[in-house]
>>> print(open('run-v4.cif').read())   # mmCIF, C-alpha atoms
data_query
#
loop_
_atom_site.label_atom_id
_atom_site.label_comp_id
_atom_site.auth_asym_id
_atom_site.auth_seq_id
_atom_site.Cartn_x
_atom_site.Cartn_y
_atom_site.Cartn_z
CA VAL U 1 68.93 -16.11 127.08
CA LEU U 2 65.45 -17.27 128.04
CA PRO U 3 62.49 -14.87 127.95
CA ALA U 4 61.76 -13.26 131.32
CA ASP U 5 58.02 -12.71 130.87
CA ASP U 6 56.94 -15.24 133.48
CA ALA U 7 59.38 -13.87 136.05
CA PHE U 8 58.01 -10.34 135.62
CA SER U 9 54.42 -11.55 135.84
CA ARG U 10 55.10 -13.40 139.08
CA ALA U 11 57.01 -10.44 140.56
CA ILE U 12 54.17 -8.04 139.69
CA ASP U 13 51.52 -10.40 141.09
CA PHE U 14 53.46 -10.75 144.34
CA ALA U 15 54.07 -6.99 144.65
CA TRP U 16 50.41 -6.13 144.13
CA SER U 17 49.05 -8.84 146.38
CA THR U 18 51.41 -7.65 149.13
CA GLY U 19 50.52 -4.01 148.53
CA VAL U 20 46.78 -4.66 148.57
CA ARG U 21 47.04 -6.69 151.80
CA ALA U 22 48.93 -3.82 153.44
CA ASN U 23 45.78 -1.74 152.92
CA GLN U 24 47.69 1.48 152.32
CA THR U 25 46.09 3.71 149.71
CA PHE U 26 47.08 6.76 147.72
CA TYR U 27 44.39 9.30 146.84
CA ALA U 28 41.89 7.11 148.71
CA HIS U 29 41.56 4.39 146.08
CA ILE U 30 44.97 3.51 144.58
CA PRO U 31 47.16 0.91 146.35
CA ASP U 32 50.31 2.53 147.75
CA LEU U 33 53.20 0.13 147.13
CA GLY U 34 55.41 1.95 149.61
CA GLY U 35 58.29 2.84 147.34
CA LEU U 36 58.73 -0.69 146.00
CA GLN U 37 61.38 -0.99 143.26
CA PHE U 38 61.61 -3.58 140.52
CA ASP U 39 65.40 -3.68 140.70
CA LEU U 40 66.86 -5.20 137.55
CA ALA U 41 70.26 -5.30 139.27
CA GLY U 42 72.23 -4.66 136.10
CA GLY U 43 70.68 -7.60 134.27
CA THR U 44 69.42 -7.92 130.69
CA PHE U 45 65.90 -9.31 130.33
CA LEU U 46 64.56 -10.67 127.04
CA LEU U 47 60.82 -10.18 126.57
CA ASP U 48 58.37 -12.08 124.36
CA ALA U 49 55.52 -9.82 125.59
CA PRO U 50 55.10 -6.46 127.33
CA VAL U 51 55.61 -5.93 131.04
CA VAL U 52 52.09 -4.83 132.02
CA PHE U 53 51.13 -3.38 135.38
CA PRO U 54 47.57 -4.20 136.53
CA SER U 55 45.42 -1.34 135.28
CA ALA U 56 42.24 -2.70 136.86
CA ILE U 57 43.77 -2.08 140.30
CA GLY U 58 46.36 0.60 139.62
CA GLY U 59 49.24 1.50 141.88
CA ALA U 60 51.27 4.34 143.31
CA ASN U 61 54.70 4.97 144.73
CA PHE U 62 56.78 2.32 142.94
CA GLY U 63 59.40 2.13 140.22
CA MET U 64 61.80 0.18 138.03
CA LYS U 65 65.56 0.72 137.90
CA ASP U 66 69.04 -0.34 136.80
CA GLY U 67 68.91 -2.80 133.93
CA THR U 68 68.00 -3.62 130.33
CA LEU U 69 64.72 -4.71 128.77
CA ARG U 70 65.06 -6.10 125.24
CA ALA U 71 62.34 -7.29 122.87
CA SER U 72 62.67 -10.73 121.33
CA LYS U 73 61.80 -11.52 117.72
CA ASN U 74 58.51 -12.96 119.03
CA PHE U 75 57.36 -9.66 120.55
CA PRO U 76 53.79 -8.76 119.45
CA ALA U 77 53.54 -6.03 116.84
CA GLY U 78 52.40 -2.60 117.95
CA ARG U 79 53.15 -3.08 121.66
CA TYR U 80 55.57 -1.47 124.13
CA LEU U 81 58.21 -3.10 126.32
CA VAL U 82 56.48 -1.63 129.38
CA GLU U 83 52.82 -0.60 129.41
CA VAL U 84 51.26 1.33 132.27
CA ASN U 85 47.47 1.65 132.19
CA VAL U 86 47.26 1.43 128.40
CA THR U 87 44.06 -0.61 128.58
CA ALA U 88 42.16 2.08 130.50
CA ALA U 89 39.25 3.19 128.37
CA GLN U 90 38.82 6.80 129.38
CA TRP U 91 39.06 9.41 132.10
CA PRO U 92 38.94 9.15 135.12
CA LYS U 93 40.84 5.87 134.95
CA GLN U 94 44.02 7.52 136.26
CA THR U 95 44.97 4.67 138.51
CA PHE U 96 48.76 5.11 138.47
CA GLU U 97 50.56 7.82 140.42
CA GLY U 98 54.19 8.50 141.23
CA VAL U 99 55.85 5.80 139.13
CA SER U 100 59.57 6.11 138.32
CA PHE U 101 61.87 4.57 135.72
CA ARG U 102 65.57 5.18 136.37
CA ASN U 103 68.68 3.93 134.59
CA VAL U 104 66.79 1.50 132.36
CA LEU U 105 67.72 0.69 128.76
CA PHE U 106 64.58 0.05 126.71
CA ASP U 107 65.79 -1.80 123.61
CA GLY U 108 62.97 -2.45 121.16
CA ALA U 109 65.42 -4.38 118.94
CA GLY U 110 63.32 -3.40 115.94
CA HIS U 111 60.31 -5.31 117.31
CA ALA U 112 58.78 -3.07 120.01
CA SER U 113 58.30 0.50 121.16
CA GLY U 114 59.69 1.62 124.51
CA LEU U 115 57.50 2.81 127.40
CA ALA U 116 53.80 3.75 127.23
CA CYS U 117 51.89 5.42 130.08
CA ALA U 118 48.20 6.25 129.61
CA TYR U 119 46.02 8.31 131.95
CA CYS U 120 48.86 8.42 134.49
CA ASN U 121 49.98 11.17 136.84
CA HIS U 122 53.52 11.98 137.93
CA ILE U 123 55.55 9.51 135.89
CA THR U 124 59.30 10.13 136.17
CA VAL U 125 61.73 8.91 133.50
CA ASP U 126 65.32 9.71 134.44
CA GLY U 127 68.64 8.47 133.12
CA CYS U 128 67.03 6.03 130.67
CA TRP U 129 67.95 5.09 127.11
CA PHE U 130 65.35 4.24 124.46
CA TYR U 131 66.85 2.39 121.51
CA ARG U 132 65.66 0.68 118.31
CA PHE U 133 61.99 1.42 119.03
CA LEU U 134 59.37 0.92 116.32
CA VAL U 135 56.99 3.86 116.86
CA ASN U 136 57.68 5.80 120.07
CA GLY U 137 60.48 5.79 122.57
CA PHE U 138 58.28 7.20 125.35
CA LEU U 139 54.55 7.85 125.06
CA ALA U 140 52.58 9.74 127.73
CA TYR U 141 48.94 9.68 126.67
CA ASP U 142 46.57 11.96 128.56
CA GLY U 143 47.27 12.12 132.28
CA HIS U 144 49.15 14.93 133.97
CA GLU U 145 52.62 16.06 135.03
CA ASN U 146 54.82 13.39 133.47
CA TYR U 147 58.53 14.21 133.37
CA VAL U 148 61.52 13.06 131.30
CA SER U 149 65.07 14.07 132.18
CA ASN U 150 68.68 13.08 131.52
CA SER U 151 67.65 10.49 128.92
CA TRP U 152 68.58 9.42 125.38
CA PHE U 153 66.38 8.38 122.47
CA ASN U 154 67.47 6.93 119.14
CA GLN U 155 65.49 4.74 116.81
CA CYS U 156 68.48 3.67 114.79
CA ASP U 157 72.22 4.20 114.73
CA PHE U 158 74.33 4.89 111.69
CA ASN U 159 77.10 2.80 113.26
CA ASP U 160 74.94 -0.24 113.98
CA ASN U 161 73.70 -2.37 111.10
CA THR U 162 72.59 -5.32 113.22
CA THR U 163 68.97 -4.12 113.18
CA PRO U 164 68.38 -2.00 110.09
CA LEU U 165 65.57 0.47 110.71
CA THR U 166 64.21 3.42 108.83
CA ALA U 167 64.02 6.52 110.99
CA ASN U 168 60.23 6.83 110.95
CA GLY U 169 59.34 7.04 114.65
CA THR U 170 59.09 9.63 117.42
CA GLY U 171 61.49 9.94 120.31
CA VAL U 172 59.06 11.41 122.87
CA SER U 173 55.31 11.79 122.46
CA LEU U 174 53.96 14.07 125.21
CA GLN U 175 50.18 13.91 125.00
CA SER U 176 49.73 14.68 128.70
CA SER U 177 49.30 18.19 130.08
CA ASP U 178 51.80 20.02 132.30
CA SER U 179 54.57 17.62 131.34
CA SER U 180 58.21 18.17 130.42
CA ILE U 181 61.36 16.85 128.79
CA VAL U 182 64.63 18.43 129.89
CA ASP U 183 68.37 17.77 129.66
CA SER U 184 67.99 14.96 127.14
CA VAL U 185 69.23 13.89 123.69
CA ILE U 186 67.13 12.68 120.76
CA PHE U 187 68.72 11.53 117.51
CA CYS U 188 68.17 9.32 114.48
CA THR U 189 64.36 9.49 114.54
CA LYS U 190 61.88 10.99 112.10
CA LEU U 191 60.35 13.26 114.73
CA GLY U 192 62.14 14.27 117.91
CA ILE U 193 59.27 15.41 120.15
CA LEU U 194 55.52 15.47 119.61
CA VAL U 195 53.56 17.69 122.02
CA THR U 196 49.77 17.72 121.81
CA ALA U 197 48.79 18.89 125.32
CA GLY U 198 49.10 22.27 126.98
CA ASN U 199 51.53 23.78 129.46
CA SER U 200 54.40 21.44 128.68
CA ILE U 201 58.09 22.39 128.88
CA ILE U 202 60.96 21.47 126.55
CA GLN U 203 64.31 22.69 127.79
CA ASP U 204 67.95 21.87 127.01
CA VAL U 205 67.13 19.03 124.62
CA SER U 206 69.62 18.20 121.89
CA LEU U 207 68.17 17.05 118.55
CA ALA U 208 70.44 15.51 115.91
CA HIS U 209 69.91 13.57 112.67
CA ILE U 210 66.17 14.08 112.85
CA HIS U 211 64.58 13.00 109.56
CA VAL U 212 61.60 14.96 108.30
CA SER U 213 59.67 13.55 105.35
CA VAL U 214 59.09 15.85 102.39
#
>>> encode(input="run-v4.cif", output="structure tokens")
Amino acid sequence: VLPADDAFSRAIDFAWSTGVRANQTFYAHIPDLGGLQFDLAGGTFLLDAPVVFPSAIGGANFGMKDGTLRASKNFPAGRYLVEVNVTAAQWPKQTFEGVSFRNVLFDGAGHASGLACAYCNHITVDGCWFYRFLVNGFLAYDGHENYVSNSWFNQCDFNDNTTPLTANGTGVSLQSSDSSIVDSVIFCTKLGILVTAGNSIIQDVSLAHIHVSV
């Protein structure tokens, strides 16, 4: 399987150039991509580098669905399979709104973390699986109203010795206010959920084989 980095870069460039030309904006300054979906169509995509959406421009009303992203052995240390606005320096660089991730398997393969969203509003993660991540399955840093539902998170698996990992990561790191994780399962991590911002909701989340250091 060949790495898919170039294909994602070209698809993102095309989507944003089309969206900017359409001259539709969201909140007066963010390009509205009109519900565009990066449809993985049930495929598995090997990545040598993160899928990065253009933080200098931002975007709203788009998503990714229905497939697998898997890190290769060449994936850069400390990075995430998908990064949304992680290069933004500080507030008010909230340039992403209404982004969805549905039915996507984020497989870090022991080389990458899963999905990182920084200074974003209204991120939806639904029906996704985060597997073999290094640090975090899902990270929402700052921002507002980011929601996780019907998803699974496990850093390692007692029945899978193909990628030996120590359970030393965090399933979900909610560092954005007014956010939530509901109807989900987190297992085989050191820490299930880290919440550092106010007014967040945790409801109907199953935690199993969570390892706490002594």
>>> resolve_selection(input="run-v4.cif", expression="the PyMOL selection byres ((chain U and resi 86) around 10)", output="list in words")
Val52, Phe53, Pro54, Ser55, Tyr80, Val82, Glu83, Val84, Asn85, Thr87, Ala88, Ala89, Ala116, Cys117, Ala118, Tyr119, Cys120, Ala140 and Tyr141 of chain U
>>> residues_around(input="run-v4.cif", residues="segment 67-79 of chain U", least_positions_apart="6", cutoff="12 Å", atoms="all atoms listed in the file", output="count of residues only")
52
>>> atom_distance(input="run-v4.cif", atom1="atom CA of Lys65 of chain U", atom2="atom CA of Val185 of chain U")
19.7 Å
>>> atom_distance(input="run-v4.cif", atom1="atom CA of Leu33 of chain U", atom2="atom CA of Gly63 of chain U")
9.5 Å
>>> residues_around(input="run-v4.cif", residues="Asn121 of chain U", least_positions_apart="2", cutoff="8 Å", atoms="all atoms listed in the file", output="PyMOL selection string")
chain U and resi 94+96-98+119+123+143-146
>>> closest_residue(input="run-v4.cif", among="U:Val172, U:Ala197, U:Ile210, U:Ala60", to="Asp157 of chain U", atoms="all atoms listed in the file")
U:Ile210
>>> closest_residue(input="run-v4.cif", among="U:Trp152, U:Pro31, U:Gln203, U:Phe138", to="Thr170 of chain U", atoms="only C-alpha atoms")
U:Phe138
>>> residues_around(input="run-v4.cif", residues="segment 13-19 of chain U", least_positions_apart="4", cutoff="8 Å", atoms="only C-alpha atoms", output="list in words")
Ser9, Asn23, Gln24, Pro31, Asp32, Leu33, Gly34 and Leu36 of chain U
>>> atom_distance(input="run-v4.cif", atom1="atom CA of Ser149 of chain U", atom2="atom CA of Thr189 of chain U")
18.2 Å
>>> axis_aligned_box(input="run-v4.cif", around="segment 132-150 of chain U", padding_each_side="4 Å", output="JSON")
{"center_x": 57.6, "center_y": 8.4, "center_z": 125.7, "size_x": 30.1, "size_y": 23.4, "size_z": 26.7}
>>> residues_around(input="run-v4.cif", residues="His209 of chain U", least_positions_apart="5", cutoff="12 Å", atoms="only C-alpha atoms", output="tab-separated table (two decimals) with C-alpha atoms, in the coordinates of the input")
chain	number	residue	atom	x	y	z
U	153	PHE	CA	66.38	8.38	122.47
U	154	ASN	CA	67.47	6.93	119.14
U	155	GLN	CA	65.49	4.74	116.81
U	156	CYS	CA	68.48	3.67	114.79
U	157	ASP	CA	72.22	4.20	114.73
U	158	PHE	CA	74.33	4.89	111.69
U	167	ALA	CA	64.02	6.52	110.99
U	168	ASN	CA	60.23	6.83	110.95
U	171	GLY	CA	61.49	9.94	120.31
U	185	VAL	CA	69.23	13.89	123.69
U	186	ILE	CA	67.13	12.68	120.76
U	187	PHE	CA	68.72	11.53	117.51
U	188	CYS	CA	68.17	9.32	114.48
U	189	THR	CA	64.36	9.49	114.54
U	190	LYS	CA	61.88	10.99	112.10
U	191	LEU	CA	60.35	13.26	114.73
U	192	GLY	CA	62.14	14.27	117.91
>>> closest_residue(input="run-v4.cif", among="U:Val182, U:Val20, U:Val195, U:Ala208", to="Ile57 of chain U", atoms="only C-alpha atoms")
U:Val20
>>> closest_residue(input="run-v4.cif", among="U:Ser200, U:Gln37, U:Thr95, U:Thr25", to="Ser179 of chain U", atoms="only C-alpha atoms")
U:Ser200
>>> build_atoms(input="run-v4.cif", residues="segment 124-135 of chain U", atoms="all heavy atoms", output="CSV table (one decimal), in the coordinates of the input")
chain,number,residue,atom,x,y,z
U,124,THR,N,58.0,9.6,136.3
U,124,THR,CA,59.3,10.1,136.2
U,124,THR,C,60.2,9.2,135.4
U,124,THR,O,60.3,8.0,135.7
U,124,THR,CB,59.9,10.3,137.6
U,124,THR,OG1,59.2,11.3,138.3
U,124,THR,CG2,61.4,10.9,137.4
U,125,VAL,N,60.8,9.7,134.3
U,125,VAL,CA,61.7,8.9,133.5
U,125,VAL,C,63.1,9.6,133.6
U,125,VAL,O,63.2,10.8,133.1
U,125,VAL,CB,61.3,8.8,132.0
U,125,VAL,CG1,62.3,8.1,131.2
U,125,VAL,CG2,59.9,8.1,131.9
U,126,ASP,N,64.0,9.0,134.2
U,126,ASP,CA,65.3,9.7,134.4
U,126,ASP,C,66.5,8.8,134.2
U,126,ASP,O,66.5,7.6,134.6
U,126,ASP,CB,65.4,10.2,135.9
U,126,ASP,CG,66.7,11.0,136.2
U,126,ASP,OD1,66.8,12.0,135.6
U,126,ASP,OD2,67.5,10.5,137.0
U,127,GLY,N,67.4,9.2,133.4
U,127,GLY,CA,68.6,8.5,133.1
U,127,GLY,C,68.4,7.2,132.3
U,127,GLY,O,69.1,6.2,132.4
U,128,CYS,N,67.4,7.2,131.5
U,128,CYS,CA,67.0,6.0,130.7
U,128,CYS,C,67.5,6.2,129.2
U,128,CYS,O,67.7,7.3,128.8
U,128,CYS,CB,65.5,5.8,130.7
U,128,CYS,SG,64.9,5.3,132.3
U,129,TRP,N,67.6,5.1,128.5
U,129,TRP,CA,68.0,5.1,127.1
U,129,TRP,C,66.9,4.3,126.4
U,129,TRP,O,66.6,3.2,126.7
U,129,TRP,CB,69.3,4.5,126.9
U,129,TRP,CG,69.9,4.8,125.5
U,129,TRP,CD1,69.3,4.7,124.3
U,129,TRP,CD2,71.2,5.4,125.3
U,129,TRP,NE1,70.2,5.1,123.3
U,129,TRP,CE2,71.3,5.6,123.9
U,129,TRP,CE3,72.3,5.8,126.1
U,129,TRP,CZ2,72.5,6.1,123.3
U,129,TRP,CZ3,73.4,6.3,125.5
U,129,TRP,CH2,73.5,6.5,124.1
U,130,PHE,N,66.4,4.9,125.3
U,130,PHE,CA,65.4,4.2,124.5
U,130,PHE,C,66.0,4.0,123.1
U,130,PHE,O,66.3,5.0,122.4
U,130,PHE,CB,64.1,5.1,124.4
U,130,PHE,CG,63.4,5.3,125.7
U,130,PHE,CD1,63.9,6.3,126.6
U,130,PHE,CD2,62.3,4.5,126.0
U,130,PHE,CE1,63.3,6.4,127.8
U,130,PHE,CE2,61.7,4.7,127.2
U,130,PHE,CZ,62.1,5.6,128.1
U,131,TYR,N,66.0,2.8,122.7
U,131,TYR,CA,66.8,2.4,121.5
U,131,TYR,C,66.1,1.4,120.6
U,131,TYR,O,65.4,0.5,121.1
U,131,TYR,CB,68.2,1.8,122.0
U,131,TYR,CG,69.1,1.3,121.0
U,131,TYR,CD1,69.4,2.2,119.9
U,131,TYR,CD2,69.8,0.1,121.1
U,131,TYR,CE1,70.4,1.8,118.9
U,131,TYR,CE2,70.7,-0.3,120.1
U,131,TYR,CZ,71.0,0.6,119.0
U,131,TYR,OH,71.9,0.2,118.1
U,132,ARG,N,66.2,1.6,119.3
U,132,ARG,CA,65.7,0.7,118.3
U,132,ARG,C,64.2,0.4,118.5
U,132,ARG,O,63.7,-0.7,118.4
U,132,ARG,CB,66.4,-0.7,118.3
U,132,ARG,CG,67.9,-0.5,118.0
U,132,ARG,CD,68.6,-1.8,117.7
U,132,ARG,NE,68.6,-2.7,118.8
U,132,ARG,CZ,69.2,-3.9,118.8
U,132,ARG,NH1,69.8,-4.3,117.7
U,132,ARG,NH2,69.2,-4.6,119.9
U,133,PHE,N,63.4,1.5,118.8
U,133,PHE,CA,62.0,1.4,119.0
U,133,PHE,C,61.3,1.5,117.7
U,133,PHE,O,61.8,2.2,116.7
U,133,PHE,CB,61.5,2.5,120.0
U,133,PHE,CG,62.0,3.9,119.7
U,133,PHE,CD1,61.4,4.7,118.8
U,133,PHE,CD2,63.1,4.3,120.3
U,133,PHE,CE1,61.8,6.0,118.5
U,133,PHE,CE2,63.6,5.6,120.1
U,133,PHE,CZ,63.0,6.5,119.2
U,134,LEU,N,60.1,0.9,117.6
U,134,LEU,CA,59.4,0.9,116.3
U,134,LEU,C,58.6,2.2,116.1
U,134,LEU,O,58.7,2.8,115.0
U,134,LEU,CB,58.4,-0.3,116.3
U,134,LEU,CG,58.9,-1.6,115.8
U,134,LEU,CD1,57.8,-2.6,115.7
U,134,LEU,CD2,59.6,-1.5,114.5
U,135,VAL,N,57.8,2.7,117.1
U,135,VAL,CA,57.0,3.9,116.9
U,135,VAL,C,57.4,5.0,117.8
U,135,VAL,O,57.8,6.1,117.3
U,135,VAL,CB,55.5,3.5,117.1
U,135,VAL,CG1,54.6,4.7,116.9
U,135,VAL,CG2,55.1,2.4,116.1
